[in-house]
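Participant: The following file, structure23.cif, comprises mmCIF, C-alpha atoms:
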```
data_query
#
loop_
_atom_site.label_atom_id
_atom_site.label_comp_id
_atom_site.auth_asym_id
_atom_site.auth_seq_id
_atom_site.Cartn_x
_atom_site.Cartn_y
_atom_site.Cartn_z
CA MET V 1 15.04 24.76 -36.18
CA LYS V 2 17.19 27.79 -36.91
CA TYR V 3 15.57 30.80 -38.57
CA ARG V 4 17.85 32.68 -40.92
CA THR V 5 15.53 35.64 -41.03
CA ALA V 6 12.61 37.12 -39.14
CA HIS V 7 10.65 36.42 -42.33
CA GLU V 8 11.25 32.70 -41.90
CA ARG V 9 10.06 32.93 -38.33
CA ILE V 10 6.85 34.66 -39.48
CA ILE V 11 6.23 31.98 -42.13
CA PHE V 12 6.89 29.20 -39.62
CA ASN V 13 4.50 30.77 -37.13
CA ARG V 14 1.77 31.09 -39.76
CA LEU V 15 2.21 27.47 -40.82
CA LEU V 16 2.16 26.42 -37.16
CA GLN V 17 -1.08 28.38 -36.65
CA LEU V 18 -2.71 26.70 -39.66
CA TYR V 19 -1.52 23.29 -38.50
CA LEU V 20 -2.79 23.84 -34.97
CA HIS V 21 -6.13 25.14 -36.26
CA TYR V 22 -6.49 22.03 -38.41
CA ARG V 23 -5.37 19.85 -35.56
CA SER V 24 -7.75 21.42 -33.08
CA ALA V 25 -10.54 19.91 -35.12
CA MET V 26 -8.91 16.57 -34.33
CA ILE V 27 -7.23 17.19 -30.97
CA GLN V 28 -8.94 19.04 -28.17
CA TYR V 29 -7.04 20.35 -25.18
CA LYS V 30 -8.49 20.94 -21.73
CA LEU V 31 -6.39 22.50 -18.99
CA ILE V 32 -7.81 22.16 -15.48
CA TYR V 33 -6.46 24.30 -12.68
CA PHE V 34 -7.58 26.63 -9.89
CA ASP V 35 -8.76 30.16 -10.66
CA VAL V 36 -5.34 31.64 -9.97
CA ARG V 37 -2.18 32.01 -12.03
CA GLY V 38 0.00 29.74 -9.90
CA LEU V 39 1.38 26.64 -11.56
CA GLY V 40 -1.20 26.58 -14.36
CA GLU V 41 -0.42 29.96 -15.85
CA VAL V 42 2.64 28.99 -17.90
CA SER V 43 0.56 26.41 -19.78
CA ARG V 44 -2.24 28.90 -20.39
CA GLN V 45 0.30 31.34 -21.80
CA LEU V 46 1.78 28.67 -24.08
CA PHE V 47 -1.64 28.08 -25.66
CA HIS V 48 -2.11 31.83 -26.18
CA LEU V 49 1.44 32.27 -27.48
CA ALA V 50 0.89 29.50 -30.02
CA GLY V 51 -2.60 30.70 -30.90
CA CYS V 52 -3.94 27.24 -30.07
CA GLU V 53 -7.49 26.88 -28.79
CA PHE V 54 -8.04 25.14 -25.46
CA GLU V 55 -10.65 24.84 -22.74
CA ASP V 56 -9.36 26.84 -19.76
CA VAL V 57 -11.18 25.16 -16.84
CA LYS V 58 -10.81 27.10 -13.59
CA ILE V 59 -11.82 25.54 -10.28
CA PRO V 60 -12.64 28.20 -7.67
CA ARG V 61 -9.94 28.13 -5.01
CA ASN V 62 -12.42 28.54 -2.18
CA ASP V 63 -14.83 25.84 -3.39
CA GLU V 64 -13.56 22.98 -1.23
CA GLN V 65 -16.38 20.70 -2.31
CA ALA V 66 -15.78 21.06 -6.05
CA TRP V 67 -12.08 20.40 -5.57
CA LEU V 68 -12.50 17.34 -3.34
CA GLU V 69 -14.90 15.82 -5.88
CA LEU V 70 -12.44 16.36 -8.69
CA LYS V 71 -9.36 15.40 -6.68
CA LYS V 72 -10.28 11.71 -6.51
CA SER V 73 -10.34 11.40 -10.28
CA THR V 74 -6.95 13.02 -10.86
CA PRO V 75 -3.83 10.83 -11.33
CA PHE V 76 -1.88 12.37 -8.41
CA GLY V 77 -4.63 14.12 -6.46
CA GLN V 78 -3.34 17.46 -7.69
CA LEU V 79 -3.87 20.20 -10.27
CA PRO V 80 -3.08 21.23 -12.96
CA ILE V 81 -4.13 18.43 -15.28
CA LEU V 82 -3.93 18.53 -19.06
CA LYS V 83 -6.47 16.44 -20.94
CA ILE V 84 -5.82 15.66 -24.59
CA LEU V 85 -8.80 14.30 -26.49
CA ASP V 86 -8.35 12.78 -29.94
CA ALA V 87 -11.71 13.73 -31.46
CA GLU V 88 -11.64 10.93 -34.02
CA SER V 89 -10.78 7.97 -31.77
CA GLN V 90 -12.28 9.58 -28.64
CA ASN V 91 -9.10 8.48 -26.92
CA GLU V 92 -8.24 10.72 -23.96
CA ILE V 93 -4.87 11.11 -22.30
CA GLU V 94 -4.32 12.92 -19.02
CA ILE V 95 -1.03 14.46 -17.99
CA PRO V 96 -0.41 15.66 -14.40
CA GLN V 97 2.32 17.89 -12.90
CA SER V 98 2.66 21.49 -14.05
CA SER V 99 6.22 21.26 -15.43
CA ALA V 100 5.53 18.03 -17.31
CA ILE V 101 2.50 19.72 -18.91
CA GLY V 102 4.46 22.90 -19.63
CA ARG V 103 7.33 21.02 -21.25
CA TYR V 104 4.94 18.86 -23.30
CA LEU V 105 3.09 21.89 -24.68
CA ALA V 106 6.31 23.86 -25.19
CA ASN V 107 7.71 20.99 -27.25
CA GLN V 108 4.47 20.68 -29.25
CA PHE V 109 4.42 24.40 -30.05
CA GLY V 110 8.16 25.03 -30.47
CA TYR V 111 8.94 27.00 -27.30
CA ALA V 112 11.09 24.46 -25.45
CA GLY V 113 14.50 25.49 -26.83
CA LYS V 114 15.99 24.85 -30.26
CA THR V 115 18.69 22.25 -29.48
CA PRO V 116 19.02 19.48 -26.87
CA GLU V 117 21.48 21.69 -24.96
CA GLU V 118 19.10 24.66 -24.99
CA LYS V 119 16.24 22.41 -23.87
CA ALA V 120 18.39 21.19 -20.98
CA MET V 121 19.16 24.78 -19.93
CA VAL V 122 15.46 25.68 -20.17
CA ASP V 123 14.69 22.65 -17.96
CA ALA V 124 17.41 23.72 -15.51
CA VAL V 125 15.90 27.21 -15.19
CA ILE V 126 12.45 25.71 -14.55
CA ASP V 127 13.94 23.42 -11.87
CA GLN V 128 15.69 26.37 -10.25
CA PHE V 129 12.36 28.20 -10.13
CA LYS V 130 10.72 25.13 -8.56
CA ASP V 131 13.48 25.00 -5.93
CA PHE V 132 12.85 28.66 -5.09
CA LEU V 133 9.10 28.01 -4.97
CA VAL V 134 9.61 25.81 -1.88
CA SER V 135 10.66 28.96 0.03
CA GLN V 136 8.04 31.19 -1.60
CA LYS V 137 5.33 28.73 -0.51
CA ARG V 138 6.33 29.25 3.14
CA LEU V 139 5.46 32.94 2.69
CA THR V 140 2.21 32.43 0.82
CA LEU V 141 1.15 29.87 3.43
CA ALA V 142 1.85 32.38 6.22
CA VAL V 143 -0.17 35.03 4.35
CA ARG V 144 -3.06 32.66 3.57
CA THR V 145 -3.27 31.37 7.16
CA LYS V 146 -3.23 34.99 8.36
CA LYS V 147 -0.11 34.79 10.53
CA SER V 148 1.00 37.91 12.44
CA GLU V 149 2.84 40.65 10.57
CA GLU V 150 5.87 39.80 12.71
CA GLU V 151 5.78 36.15 11.66
CA ILE V 152 5.28 37.05 8.00
CA ASN V 153 8.27 39.40 8.13
CA ARG V 154 10.34 36.69 9.82
CA VAL V 155 9.52 34.25 7.00
CA LYS V 156 10.36 36.96 4.44
CA GLU V 157 13.73 37.77 6.02
CA ASP V 158 14.94 34.36 7.20
CA ILE V 159 13.59 32.10 4.50
CA VAL V 160 12.48 33.90 1.35
CA THR V 161 15.14 36.61 1.04
CA PRO V 162 18.18 34.29 1.11
CA ALA V 163 16.46 31.95 -1.38
CA LYS V 164 15.52 34.91 -3.57
CA ASP V 165 19.12 36.19 -3.52
CA THR V 166 20.42 32.85 -4.83
CA TYR V 167 17.64 32.57 -7.42
CA PHE V 168 17.95 36.17 -8.72
CA LYS V 169 21.76 35.82 -8.94
CA ILE V 170 21.35 32.84 -11.27
CA LEU V 171 18.72 34.58 -13.42
CA LYS V 172 20.80 37.75 -13.77
CA LYS V 173 23.91 35.75 -14.73
CA LEU V 174 21.93 34.10 -17.54
CA LEU V 175 20.50 37.41 -18.77
CA GLU V 176 23.85 39.18 -18.61
CA ASN V 177 25.41 36.45 -20.74
CA ASN V 178 22.66 36.34 -23.37
CA SER V 179 22.39 39.28 -25.77
CA SER V 180 18.94 38.18 -27.02
CA GLY V 181 17.32 39.39 -23.80
CA PHE V 182 15.78 35.96 -23.24
CA LEU V 183 16.96 33.50 -20.61
CA VAL V 184 18.04 30.81 -23.07
CA GLY V 185 18.82 31.08 -26.78
CA ASN V 186 17.57 33.62 -29.26
CA ASP V 187 13.86 33.23 -28.81
CA ILE V 188 11.17 33.08 -26.14
CA THR V 189 10.86 29.78 -24.27
CA TRP V 190 8.55 28.54 -21.55
CA ALA V 191 11.35 29.31 -19.07
CA ASP V 192 10.90 33.01 -19.93
CA LEU V 193 7.13 32.71 -19.42
CA GLN V 194 7.46 30.94 -16.06
CA ILE V 195 10.11 33.23 -14.62
CA SER V 196 8.33 36.36 -15.80
CA ASP V 197 5.07 35.16 -14.26
CA ASN V 198 6.87 34.44 -11.00
CA LEU V 199 8.28 37.99 -11.04
CA THR V 200 4.71 39.28 -11.33
CA THR V 201 3.87 37.28 -8.19
CA LEU V 202 7.00 38.40 -6.35
CA ASP V 203 6.24 42.03 -7.22
CA GLY V 204 2.83 41.64 -5.62
CA LEU V 205 4.38 40.04 -2.53
CA GLY V 206 6.94 42.83 -2.19
CA ILE V 207 9.83 40.43 -2.77
CA PHE V 208 10.75 41.73 -6.23
CA VAL V 209 11.23 45.51 -6.34
CA PRO V 210 11.71 46.49 -10.02
CA SER V 211 13.59 49.70 -9.22
CA GLU V 212 16.16 47.67 -7.25
CA GLU V 213 16.58 45.00 -9.93
CA PRO V 214 16.92 46.72 -13.35
CA ILE V 215 18.10 43.62 -15.25
CA LEU V 216 15.13 41.57 -14.06
CA ALA V 217 12.73 44.51 -14.51
CA LYS V 218 13.84 44.91 -18.13
CA PHE V 219 13.39 41.17 -18.73
CA HIS V 220 9.95 41.17 -17.08
CA GLU V 221 8.81 44.07 -19.23
CA LYS V 222 10.10 42.38 -22.40
CA ILE V 223 8.07 39.23 -21.75
CA MET V 224 4.98 41.16 -20.64
CA ASN V 225 5.14 43.00 -23.99
CA THR V 226 5.24 39.84 -26.13
CA PRO V 227 2.90 40.73 -29.02
CA SER V 228 0.82 37.53 -29.02
CA LEU V 229 0.36 37.72 -25.24
CA LYS V 230 -0.43 41.41 -24.70
CA THR V 231 -4.17 41.07 -25.23
CA TYR V 232 -4.30 38.02 -22.96
CA PHE V 233 -2.40 39.84 -20.22
CA GLU V 234 -4.69 42.86 -20.47
CA GLN V 235 -7.84 40.78 -20.26
CA ARG V 236 -6.95 38.17 -17.66
CA PRO V 237 -8.27 38.66 -14.12
CA ALA V 238 -5.73 39.92 -11.60
CA SER V 239 -4.61 37.48 -8.95
CA LEU V 240 -2.01 37.72 -6.23
CA LEU V 241 -0.66 34.24 -6.94
CA MET Z 1 31.01 10.78 -29.71
CA PRO Z 2 30.91 13.80 -27.37
CA SER Z 3 33.06 13.74 -24.26
CA TYR Z 4 31.07 13.71 -21.05
CA LYS Z 5 32.10 14.68 -17.51
CA LEU Z 6 29.64 14.41 -14.65
CA THR Z 7 30.68 16.25 -11.48
CA TYR Z 8 29.01 15.55 -8.14
CA PHE Z 9 29.76 14.62 -4.55
CA ASP Z 10 31.06 11.15 -3.83
CA VAL Z 11 27.59 9.77 -3.05
CA ARG Z 12 24.65 8.41 -5.04
CA GLY Z 13 22.29 11.31 -4.37
CA LEU Z 14 20.84 13.30 -7.23
CA ALA Z 15 23.52 12.31 -9.74
CA GLU Z 16 23.14 8.54 -9.53
CA PRO Z 17 20.30 8.27 -12.09
CA SER Z 18 22.58 10.02 -14.60
CA ARG Z 19 25.50 7.72 -13.78
CA LEU Z 20 23.16 4.76 -14.32
CA LEU Z 21 22.09 6.17 -17.70
CA PHE Z 22 25.69 6.17 -18.93
CA HIS Z 23 26.12 2.55 -17.80
CA LEU Z 24 22.74 1.52 -19.21
CA ALA Z 25 23.70 3.01 -22.58
CA GLY Z 26 27.28 1.76 -22.46
CA VAL Z 27 28.58 5.28 -23.00
CA PRO Z 28 31.89 6.22 -21.36
CA PHE Z 29 32.06 9.27 -19.14
CA GLU Z 30 34.31 10.85 -16.55
CA ASP Z 31 32.68 10.20 -13.17
CA ASN Z 32 34.15 13.21 -11.37
CA ARG Z 33 33.48 12.76 -7.63
CA ILE Z 34 34.13 15.59 -5.20
CA VAL Z 35 34.96 14.60 -1.64
CA PHE Z 36 32.72 16.42 0.80
CA GLY Z 37 34.32 18.71 3.36
CA ASP Z 38 37.86 19.13 2.05
CA GLY Z 39 37.30 22.60 0.53
CA THR Z 40 37.28 21.48 -3.12
CA TRP Z 41 33.59 22.23 -3.60
CA GLU Z 42 33.79 25.66 -1.97
CA LYS Z 43 36.58 26.63 -4.37
CA MET Z 44 34.76 25.49 -7.52
CA LYS Z 45 31.22 26.58 -6.59
CA ASP Z 46 31.30 29.98 -8.26
CA SER Z 47 32.60 28.56 -11.51
CA THR Z 48 29.55 26.32 -11.92
CA PRO Z 49 26.51 27.65 -13.84
CA PHE Z 50 24.13 27.74 -10.85
CA GLY Z 51 26.52 27.37 -7.91
CA GLN Z 52 25.34 23.80 -7.39
CA MET Z 53 26.06 20.20 -8.28
CA PRO Z 54 25.64 17.99 -10.21
CA VAL Z 55 26.97 19.57 -13.39
CA LEU Z 56 27.26 17.76 -16.72
CA ASN Z 57 29.99 18.95 -19.06
CA VAL Z 58 29.32 17.94 -22.69
CA ASP Z 59 32.20 18.95 -24.96
CA GLY Z 60 32.68 22.06 -22.84
CA PHE Z 61 28.98 23.00 -22.55
CA GLU Z 62 27.81 22.86 -18.93
CA ILE Z 63 24.35 21.78 -17.83
CA PRO Z 64 23.22 22.19 -14.19
CA GLN Z 65 20.25 20.70 -12.26
CA SER Z 66 20.12 16.96 -11.74
CA MET Z 67 16.88 16.19 -13.57
CA ALA Z 68 17.66 18.50 -16.52
CA ILE Z 69 20.89 16.49 -16.86
CA ALA Z 70 19.12 13.15 -16.52
CA ARG Z 71 16.48 14.09 -19.10
CA PHE Z 72 19.15 15.35 -21.54
CA LEU Z 73 21.05 12.07 -21.30
CA ALA Z 74 17.91 9.94 -21.32
CA LYS Z 75 16.73 11.60 -24.53
CA LYS Z 76 20.12 11.09 -26.17
CA PHE Z 77 20.31 7.45 -25.15
CA GLY Z 78 16.63 6.56 -25.67
CA PHE Z 79 15.44 6.20 -22.07
CA ALA Z 80 13.12 9.21 -21.86
CA GLY Z 81 9.86 7.63 -23.14
CA LYS Z 82 8.90 6.62 -26.68
CA THR Z 83 6.24 9.24 -27.46
CA PRO Z 84 5.68 12.86 -26.34
CA GLU Z 85 2.89 11.64 -24.06
CA GLU Z 86 5.10 8.94 -22.50
CA GLN Z 87 7.85 11.52 -22.04
CA ALA Z 88 5.39 13.80 -20.25
CA TRP Z 89 4.46 10.95 -17.88
CA VAL Z 90 8.12 10.18 -17.21
CA ASP Z 91 8.61 13.87 -16.36
CA ALA Z 92 5.50 13.91 -14.15
CA ILE Z 93 6.74 10.95 -12.11
CA VAL Z 94 10.17 12.53 -11.66
CA ASP Z 95 8.45 15.75 -10.51
CA GLN Z 96 6.40 13.72 -8.05
CA PHE Z 97 9.66 12.34 -6.64
CA LYS Z 98 11.11 15.87 -6.39
CA ASP Z 99 8.03 17.11 -4.55
CA PHE Z 100 8.39 14.26 -2.07
CA PHE Z 101 12.14 14.75 -1.77
CA GLY Z 102 11.61 18.45 -0.99
CA GLN Z 103 9.65 17.34 2.06
CA PHE Z 104 11.98 14.48 3.01
CA ARG Z 105 14.93 16.85 2.86
CA GLN Z 106 13.57 18.63 5.94
CA LEU Z 107 14.35 15.49 7.92
CA ILE Z 108 17.91 15.24 6.61
CA ILE Z 109 18.51 18.91 7.39
CA ALA Z 110 17.09 18.50 10.90
CA GLN Z 111 19.22 15.42 11.56
CA ARG Z 112 22.39 17.10 10.31
CA ALA Z 113 21.60 20.18 12.43
CA GLY Z 114 21.37 17.93 15.47
CA LYS Z 115 17.75 18.73 16.29
CA SER Z 116 16.14 17.09 19.34
CA ALA Z 117 14.51 13.67 19.08
CA ASP Z 118 11.12 15.36 19.67
CA GLU Z 119 11.58 17.80 16.81
CA ILE Z 120 12.72 15.02 14.51
CA GLU Z 121 9.73 12.89 15.49
CA LYS Z 122 7.47 15.86 14.71
CA ILE Z 123 8.98 16.26 11.24
CA ILE Z 124 8.57 12.55 10.58
CA SER Z 125 4.94 12.42 11.62
CA GLU Z 126 3.80 15.80 10.26
CA VAL Z 127 5.89 16.14 7.11
CA VAL Z 128 7.64 12.97 5.95
CA ASN Z 129 5.03 10.29 6.56
CA PRO Z 130 2.12 12.15 4.91
CA ALA Z 131 4.35 13.08 1.96
CA ARG Z 132 5.51 9.49 1.62
CA GLU Z 133 1.93 8.24 1.70
CA THR Z 134 0.93 10.55 -1.19
CA TYR Z 135 4.06 9.62 -3.14
CA PHE Z 136 3.74 5.82 -2.70
CA LYS Z 137 0.03 6.00 -3.50
CA ALA Z 138 0.76 7.77 -6.81
CA LEU Z 139 3.48 5.26 -7.74
CA ASN Z 140 1.37 2.22 -6.84
CA LYS Z 141 -1.56 3.58 -8.88
CA ILE Z 142 0.73 3.81 -11.91
CA LEU Z 143 2.29 0.37 -11.41
CA GLU Z 144 -1.14 -1.23 -11.04
CA LYS Z 145 -2.06 0.00 -14.50
CA ASN Z 146 1.16 -0.72 -16.37
CA LYS Z 147 1.64 -4.38 -17.30
CA SER Z 148 5.29 -4.07 -18.25
CA GLY Z 149 6.34 -3.61 -14.64
CA PHE Z 150 8.07 -0.36 -15.53
CA LEU Z 151 6.56 2.98 -14.60
CA VAL Z 152 5.95 4.22 -18.15
CA GLY Z 153 5.58 2.25 -21.36
CA ASP Z 154 7.26 -1.01 -22.19
CA GLY Z 155 10.85 -0.29 -21.32
CA ILE Z 156 13.06 1.24 -18.67
CA THR Z 157 13.10 5.03 -18.45
CA PHE Z 158 14.94 7.46 -16.22
CA ALA Z 159 11.79 7.66 -14.09
CA ASP Z 160 12.42 4.00 -13.11
CA LEU Z 161 16.05 4.83 -12.28
CA VAL Z 162 15.12 7.87 -10.15
CA ILE Z 163 12.46 5.97 -8.20
CA ALA Z 164 14.58 2.84 -7.69
CA GLU Z 165 17.48 4.90 -6.34
CA ASN Z 166 15.13 6.81 -4.04
CA LEU Z 167 13.61 3.58 -2.73
CA LEU Z 168 17.13 2.38 -1.89
CA SER Z 169 17.79 5.61 0.02
CA LEU Z 170 14.45 5.38 1.81
CA LYS Z 171 15.29 1.81 2.78
CA ASN Z 172 18.60 3.04 4.23
CA PHE Z 173 16.74 5.64 6.28
CA GLY Z 174 14.12 3.13 7.41
CA PHE Z 175 11.27 4.56 5.37
CA PHE Z 176 10.82 1.77 2.83
CA ASP Z 177 9.86 -1.75 3.85
CA ALA Z 178 9.82 -4.10 0.84
CA ALA Z 179 7.43 -6.47 2.62
CA LYS Z 180 4.84 -3.70 2.97
CA GLU Z 181 5.26 -2.38 -0.57
CA PRO Z 182 5.48 -5.35 -2.94
CA LYS Z 183 4.89 -3.40 -6.17
CA LEU Z 184 7.58 -0.86 -5.35
CA ALA Z 185 9.93 -3.62 -4.25
CA ALA Z 186 9.36 -5.39 -7.58
CA LEU Z 187 10.20 -2.19 -9.49
CA LYS Z 188 13.38 -1.70 -7.49
CA GLU Z 189 14.47 -5.29 -8.17
CA LYS Z 190 13.62 -4.99 -11.86
CA VAL Z 191 15.79 -1.89 -12.21
CA PHE Z 192 18.75 -3.21 -10.21
CA ASN Z 193 18.69 -6.49 -12.16
CA GLN Z 194 19.10 -4.84 -15.55
CA PRO Z 195 21.93 -6.78 -17.22
CA SER Z 196 23.81 -3.67 -18.36
CA LEU Z 197 23.85 -2.33 -14.80
CA LYS Z 198 24.95 -5.43 -12.92
CA GLU Z 199 28.70 -4.91 -13.20
CA TYR Z 200 28.53 -1.28 -12.11
CA LEU Z 201 26.12 -2.00 -9.25
CA ALA Z 202 28.27 -4.83 -7.94
CA SER Z 203 31.27 -2.55 -7.52
CA ARG Z 204 29.80 0.87 -6.84
CA LYS Z 205 30.43 2.65 -3.58
CA GLU Z 206 27.51 2.50 -1.18
CA SER Z 207 26.05 5.64 0.33
CA GLN Z 208 23.11 6.22 2.62
CA ILE Z 209 21.54 8.68 0.22
#
```
Here is a file; write its structure as structure tokens.

Facilitator:
Amino acid sequence: MKYRTAHERIIFNRLLQLYLHYRSAMIQYKLIYFDVRGLGEVSRQLFHLAGCEFEDVKIPRNDEQAWLELKKSTPFGQLPILKILDAESQNEIEIPQSSAIGRYLANQFGYAGKTPEEKAMVDAVIDQFKDFLVSQKRLTLAVRTKKSEEEINRVKEDIVTPAKDTYFKILKKLLENNSSGFLVGNDITWADLQISDNLTTLDGLGIFVPSEEPILAKFHEKIMNTPSLKTYFEQRPASLL
Amino acid sequence: MPSYKLTYFDVRGLAEPSRLLFHLAGVPFEDNRIVFGDGTWEKMKDSTPFGQMPVLNVDGFEIPQSMAIARFLAKKFGFAGKTPEEQAWVDAIVDQFKDFFGQFRQLIIAQRAGKSADEIEKIISEVVNPARETYFKALNKILEKNKSGFLVGDGITFADLVIAENLLSLKNFGFFDAAKEPKLAALKEKVFNQPSLKEYLASRKESQI
């Protein structure tokens, strides 16, 4: 859908809001994840961006018992899970895997990219982030299992930094080639939400230094200032990951 | 019809599901295979969107990342799932494969780096086998519930192609025994017996991965 004017975009958004409000009487969403940002946050943000109500179920990270109980009932033994309940038929569908959930919601709400080619580029950015996450996880594991400062620095230098260099190079190339300021196309997509959220995490881990990366810092600030997300960002609890 | 060029190394690897999609749909494409180790890749790397392969060129527009490419083609050709919910499940299964492959890759890297037999054994027992157990368990759970014999819905999707190709690779590496995994073996057979794939499969170049 191409918007000729900002006015059209505003009208479309309002119609989408009305539709989602009507639909929420018929379709209820429940997102289940741990009480961190992690891989659930992009889906939370999509609901807030679209102004769509949902039940934001947060399982305490340190409550092993609660998680083990729940784990058995999940399709893949993992979180997040999205549950979609059709209120009329009482039919419930579960969807596992954070990116599958994110893409599903992004498509429902109109934040997946406007053309098949844009959607493919959005998917490619998400996959690139997931590739980088493999290295980031080595660091967060070292921090969580309280490894020595020496070991943590070794992981940062030998594993995370080279991966970060590749990842940031790709992101900057996309931003430099797109005058809209977004990663793909002329409007915000879930790729922007995911990458921006990851930059928040990397800032906290000392891997992303805004003063050293002006292009990424400018992008991060742009997404953090998205009007329909500002209140959510201000109110949400802080978390390292 | 758009003109398609798929560029990847001369192996099955992460591009094979996309090659299969073209054959499944009967859509012509340029199957651009780069020979590993002769310097061609090093020279072209920087001109690709993400410095990686595969890359799909569609009328001059380039798409990187193997699964983004596969999903793009699957959606165009009708092999991505029939409803948004089915499509989400196809995506979830492909992500499950990628999670597993991220772990399995550690073994390939260790083997190529010439690590000791002890280190390799450690990776197998501590990383690969547990990851494979989780992965096979998830797939079997899905196949038990779906009467069609495919992973999602009533027809073949790119999730079936991705998993079948991975099972072939795991078999080559000695990590998939058809006798021990009858449901997975049945899926693999079902995919590789698709009529529109038979000609291609009969003549395609074999590769370990």

Participant: List every protein, DNA or RNA residue that has an atom no more than 12 Å from (2.2, 21.6, -19.6) in the file's coordinate frame, counting all atoms listed in the file, and report them as a VMD selection string.

Facilitator: (chain V and resid 29 to 33 39 to 47 79 to 84 94 to 109 111 to 112 190 to 191 194) or (chain Z and resid 84 to 85 87 to 89 91 to 92)

Participant: Selected by the PyMOL selection byres ((chain Z) within 10 of (chain V)) in the shown coordinates: which residues, as JSON, numbers by chain?

Facilitator: {"Z": [49, 50, 51, 58, 61, 62, 63, 64, 65, 66, 67, 68, 69, 70, 71, 72, 73, 75, 76, 84, 85, 86, 87, 88, 89, 90, 91, 92, 93, 94, 95, 96, 98, 99, 102, 103, 134, 135, 137, 138, 139, 141, 142]}

Participant: For the PyMOL selection byres ((chain Z and resi 163) around 10), applied here, can you spell out every residue it catches as a ChimeraX atom specification?

Facilitator: /Z:17,93-94,96-97,139,151,158-162,164-169,184,187-188,191

Participant: Using CA of Leu141 in chain V and CA of Arg132 in chain Z as the two end points, give the distance in Å to one decimal.

Facilitator: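 Between CA of Leu141 in chain V and CA of Arg132 in chain Z the gap is 20.9 Å.
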
Participant: List the spatial neighbours of Leu183 in chain V as a PDB file with C-alpha atoms, in the coordinates of the input - criterion: any atom at most 7 Å away, only C-alpha atoms, same-chain residues fewer than 4 positions off excluded.

Facilitator:
```
ATOM      1  CA  LEU V 174      21.930  34.100 -17.540  1.00  0.00           C
ATOM      2  CA  LEU V 175      20.500  37.410 -18.770  1.00  0.00           C
ATOM      3  CA  ASN V 178      22.660  36.340 -23.370  1.00  0.00           C
ATOM      4  CA  ASP V 192      10.900  33.010 -19.930  1.00  0.00           C
TER       5      ASP V 192
END
```

Participant: Using all atoms listed in the file, which residues sit within 7 Å of Thr157 in chain Z once same-chain residues fewer than 6 positions away are excluded, as a list in words?

Facilitator: Phe79, Ala80 and Gly81 of chain Z

Participant: In terms of the shortest atom-to-atom distance over all atoms listed in the file, which of Z:Lys205, Z:Phe9, Z:Phe101, Z:Arg112 is closest to Val127 in chain Z?

Facilitator: Z:Phe101

Participant: When the PyMOL selection byres ((chain V and resi 59) around 7) is applied to the file above, which residues end up in the set, as number ranges by chain?

Facilitator: V: 33-35, 57-58, 60-61, 67

Participant: Write out as a PyMOL selection string each polymer residue whose atoms come within 7 Å of range 154-162 of chain V, counting all atoms listed in the file; drop sequence neighbours fewer than 4 positions from it.

Facilitator: chain V and resi 135-136+139+150+166

Participant: Would you be able to write out as a ChimeraX atom specification which residues have an atom within 9 Å of (-9.8, 22.1, -27.8) in the file's coordinates, counting only C-alpha atoms?

Facilitator: /V:24-30,52-55,84-85

Participant: Out of Z:Pro195, Z:Asn146, Z:Phe136, Z:Lys45, which residue has the shortest atom-to-atom distance to Lys180 in chain Z when counting only C-alpha atoms?

Facilitator: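 The answer is Z:Phe136, which sits nearest to Lys180 in chain Z.
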
Participant: Distance CA of Phe36 in chain Z-CA of Thr48 in chain Z, one decimal place?

Facilitator: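 According to the coordinates, CA of Phe36 in chain Z and CA of Thr48 in chain Z are separated by 16.4 Å.
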
Participant: Do you have the CA of Glu213 in chain V-CA of Pro227 in chain V distance handy?

Facilitator: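 Atom-to-atom, CA of Glu213 in chain V to CA of Pro227 in chain V, that is 23.9 Å.
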
Participant: Smallest atom-to-atom distance to Ala74 in chain Z: which of Z:Val35, Z:Leu20, Z:Val55, Z:Leu6, using only C-alpha atoms?

Facilitator: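 Checking each candidate against Ala74 in chain Z, we get Z:Leu20 as the closest.
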
Participant: So, counting only C-alpha atoms, which residue among V:Leu205, V:Tyr232, V:Glu88, V:Ala163 is closest to Ala142 in chain V?

Facilitator: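 So, comparing all the options, the nearest one is V:Leu205.
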
Participant: Nearest residue to Glu212 in chain V out of V:Arg37, V:Leu70, V:Phe168, V:Leu133, using only C-alpha atoms?

Facilitator: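 Counting only C-alpha atoms, the residue closest to Glu212 in chain V is V:Phe168.
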
Participant: So which one's closest to Asp203 in chain V, V:Gly185, V:His48, V:Ala217, V:Asn225? Using only C-alpha atoms, please.

Facilitator: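 Looking at the shortest contact to Asp203 in chain V, the residue is V:Ala217.
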